[in-house]
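This report concerns only the one structure given below.
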Amino acid sequence: MQPFFFTLFIASLTIVLIAQPTRTDYSNAVIREVKDAPDQPLSEVKKSDEEWQQVLSPIEYHVLRKAGTEPPNGKIYQQFKTQGEGVYYCAGCGAELFSSKEKFDSGSGWPSFYAPSAENIKLDIDQKIGYKRVEIRCNKCDGHLGHVFEGEGFQTPTDQRYCVNGVCLTFSPKEDVSTSEKKGAAPTKK
Ligand SMILES: [Zn+2]
């Protein structure tokens, strides 16, 4: 009987290990699509670490609150490339960040924009990996969004690449943009 129980133990252990969600497997993450444009936060959005964990998915929390990076060239990138006109909002607080007007395909594997569409972005210097990068953060909830690079030779009006993690965004397709304007959302720059 003992070998039988040993085998049973090993089998159960294997099942338990396989069933464990791998915390780093974010390949199925997507840009959440929202039907209605979110209400625009009028002031800073502050939450405790615990509250953020409750309202964000694990990868949204990892990227927005812990300055993580989603894997490039995943489902999100394919989704981003096929999305039509619309507006991108902060997945943390709903602030408008970018629109399809400024998006372009950089080939980098991450959603790219040549400029923000609203004044809800702040830039910080990030030295985390040994050299200077310019970090993009949401100025309403202070969530990390990605980095901005410039002078790479892209034929865009700014030659800047806002390299953004898709999990930091929600997307509202164009038919809802007029709704957001009616609601008095932050006017887009330009
Ligand atoms: Zn935000």
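Here's how to read the names in the structure tokens: chain A, B, ... by the order shown, residue numbers from 1 in each chain, ligand numbers from 1 in the order shown.
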
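Once only C-alpha atoms and all ligand atoms are used for the distance check, the residues close to ligand 1 at 7 Å turn out to be Cys90, Ala91, Gly92, Cys93, Gly94, Ala95, Cys138, Asn139, Lys140, Cys141, Asp142 and Gly143 of chain A.
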
Using only N, CA and C atoms, please write the residues we just selected to a file, as a PDB file, in the first residue's frame.
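The new file part-v1.pdb reads:
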```pdb
ATOM      1  N   CYS A  90      -7.105  55.976 -18.432  1.00  0.00           N
ATOM      2  CA  CYS A  90      -6.299  55.308 -17.412  1.00  0.00           C
ATOM      3  C   CYS A  90      -7.128  54.192 -16.772  1.00  0.00           C
ATOM      4  N   ALA A  91      -6.566  52.974 -16.729  1.00  0.00           N
ATOM      5  CA  ALA A  91      -7.281  51.844 -16.136  1.00  0.00           C
ATOM      6  C   ALA A  91      -7.400  51.991 -14.617  1.00  0.00           C
ATOM      7  N   GLY A  92      -6.572  52.866 -14.042  1.00  0.00           N
ATOM      8  CA  GLY A  92      -6.634  53.071 -12.600  1.00  0.00           C
ATOM      9  C   GLY A  92      -7.714  54.044 -12.189  1.00  0.00           C
ATOM     10  N   CYS A  93      -7.813  55.175 -12.908  1.00  0.00           N
ATOM     11  CA  CYS A  93      -8.709  56.237 -12.434  1.00  0.00           C
ATOM     12  C   CYS A  93      -9.670  56.766 -13.487  1.00  0.00           C
ATOM     13  N   GLY A  94      -9.529  56.341 -14.733  1.00  0.00           N
ATOM     14  CA  GLY A  94     -10.470  56.774 -15.769  1.00  0.00           C
ATOM     15  C   GLY A  94     -10.094  58.066 -16.479  1.00  0.00           C
ATOM     16  N   ALA A  95      -8.985  58.681 -16.111  1.00  0.00           N
ATOM     17  CA  ALA A  95      -8.591  59.935 -16.771  1.00  0.00           C
ATOM     18  C   ALA A  95      -8.254  59.679 -18.243  1.00  0.00           C
ATOM     19  N   CYS A 138       0.332  58.793 -14.832  1.00  0.00           N
ATOM     20  CA  CYS A 138      -0.966  59.470 -14.852  1.00  0.00           C
ATOM     21  C   CYS A 138      -0.917  60.528 -13.754  1.00  0.00           C
ATOM     22  N   ASN A 139      -1.240  61.771 -14.090  1.00  0.00           N
ATOM     23  CA  ASN A 139      -1.132  62.794 -13.040  1.00  0.00           C
ATOM     24  C   ASN A 139      -2.365  62.860 -12.144  1.00  0.00           C
ATOM     25  N   LYS A 140      -3.340  61.987 -12.386  1.00  0.00           N
ATOM     26  CA  LYS A 140      -4.501  61.958 -11.498  1.00  0.00           C
ATOM     27  C   LYS A 140      -4.333  60.878 -10.412  1.00  0.00           C
ATOM     28  N   CYS A 141      -3.857  59.679 -10.805  1.00  0.00           N
ATOM     29  CA  CYS A 141      -3.729  58.616  -9.795  1.00  0.00           C
ATOM     30  C   CYS A 141      -2.274  58.213  -9.568  1.00  0.00           C
ATOM     31  N   ASP A 142      -1.355  58.879 -10.279  1.00  0.00           N
ATOM     32  CA  ASP A 142       0.071  58.614 -10.148  1.00  0.00           C
ATOM     33  C   ASP A 142       0.459  57.208 -10.610  1.00  0.00           C
ATOM     34  N   GLY A 143      -0.386  56.590 -11.421  1.00  0.00           N
ATOM     35  CA  GLY A 143      -0.078  55.252 -11.921  1.00  0.00           C
ATOM     36  C   GLY A 143       1.027  55.290 -12.975  1.00  0.00           C
TER      37      GLY A 143
END
```

Would you mind listing what lies within 6 Å of stretch 152-169 of chain A as a PDB file with C-alpha atoms, in the first residue's frame, with only C-alpha atoms counted and same-chain residues fewer than 6 positions away left out?
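result32.pdb, written as the output of this step:
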```pdb
ATOM      1  CA  ILE A  31      -6.942  46.343 -22.971  1.00  0.00           C
ATOM      2  CA  GLU A  60      -2.859  46.107 -13.783  1.00  0.00           C
ATOM      3  CA  TYR A  88      -7.841  55.529 -24.212  1.00  0.00           C
ATOM      4  CA  TYR A  89      -8.345  56.120 -20.507  1.00  0.00           C
ATOM      5  CA  CYS A  90      -6.299  55.308 -17.412  1.00  0.00           C
ATOM      6  CA  ALA A  91      -7.281  51.844 -16.136  1.00  0.00           C
ATOM      7  CA  PRO A 111       1.034  50.322 -27.759  1.00  0.00           C
ATOM      8  CA  SER A 112       2.614  53.541 -29.035  1.00  0.00           C
ATOM      9  CA  PHE A 113       1.391  57.127 -29.321  1.00  0.00           C
ATOM     10  CA  TYR A 114       3.267  60.206 -30.536  1.00  0.00           C
ATOM     11  CA  LEU A 145       2.092  53.910 -17.652  1.00  0.00           C
ATOM     12  CA  GLY A 146       5.370  53.356 -19.504  1.00  0.00           C
TER      13      GLY A 146
END
```

- request: Give the helix (DSSP H, G or I) residues of stretch 21-145 of chain A, as DSSP finds them on the backbone, and put them as a ChimeraX atom specification.
  value: /A:49-55,58-64,75-82,100-102

query: From the list A:Arg32, A:His147, A:Lys47, A:Lys103, which residue is nearest A:Leu123 when using only C-alpha atoms?
result: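 Using only C-alpha atoms, the shortest distance to A:Leu123 belongs to A:His147.
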
task: Excluding A:Ala29 and any residue of its chain fewer than 5 positions from it, enumerate the residues within 10 Å of it, using only C-alpha atoms, and give them as a ChimeraX atom specification.
output: /A:57-60,70-71,74-76,166-167

Selection to disk with C-alpha atoms, as a PDB file, in the first residue's frame:
```
ATOM      1  CA  SER A  57      -6.381  42.946 -11.798  1.00  0.00           C
ATOM      2  CA  PRO A  58      -3.010  41.451 -10.777  1.00  0.00           C
ATOM      3  CA  ILE A  59      -1.230  42.676 -13.912  1.00  0.00           C
ATOM      4  CA  GLU A  60      -2.859  46.107 -13.783  1.00  0.00           C
ATOM      5  CA  GLU A  70       3.718  43.809 -19.539  1.00  0.00           C
ATOM      6  CA  PRO A  71       5.272  41.300 -21.956  1.00  0.00           C
ATOM      7  CA  GLY A  74       1.170  39.761 -26.612  1.00  0.00           C
ATOM      8  CA  LYS A  75      -2.566  39.687 -27.160  1.00  0.00           C
ATOM      9  CA  ILE A  76      -2.668  43.366 -26.207  1.00  0.00           C
ATOM     10  CA  GLY A 166      -1.837  48.286 -22.662  1.00  0.00           C
ATOM     11  CA  VAL A 167      -3.031  46.992 -19.283  1.00  0.00           C
TER      12      VAL A 167
END
```

query: So which one's closest to A:Ser27, A:Phe4, A:Tyr77, A:Phe104, A:Phe171? Using only C-alpha atoms, please.
result: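 Closest to A:Ser27, using only C-alpha atoms: A:Tyr77.
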
- request: Please identify which residues in stretch 48-175 of chain A DSSP calls strand (DSSP E) from the backbone, and express them as a PyMOL selection string.
  value: chain A and resi 86-90+96-99+103-104+112-113+121-126+133-138+144-150+160-164+169-173

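Taking atom CA of A:Arg133 as the reference point, atom CA of A:His62 is found at 19.2 Å.
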
- request: Find the residue from A:Val134, A:Leu97, A:Val87, A:Ala67 that sits nearest to A:Ile121; use only C-alpha atoms when measuring.
  value: A:Leu97

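For A:Gly86, the non-local neighbours within 9 Å, defined as residues at least 3 positions apart in the same chain or in other chains and counting only C-alpha atoms, are Gln83, Ser99, Ser100, Lys101, Phe171, Ser172, Pro173, Lys174, Glu175, Asp176 and Val177 of chain A.
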
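The shortest atom-to-atom distance to A:Gln79, with only C-alpha atoms taken into account, belongs to A:Glu33 out of A:Asp126, A:Glu44, A:Glu33, A:Glu135.
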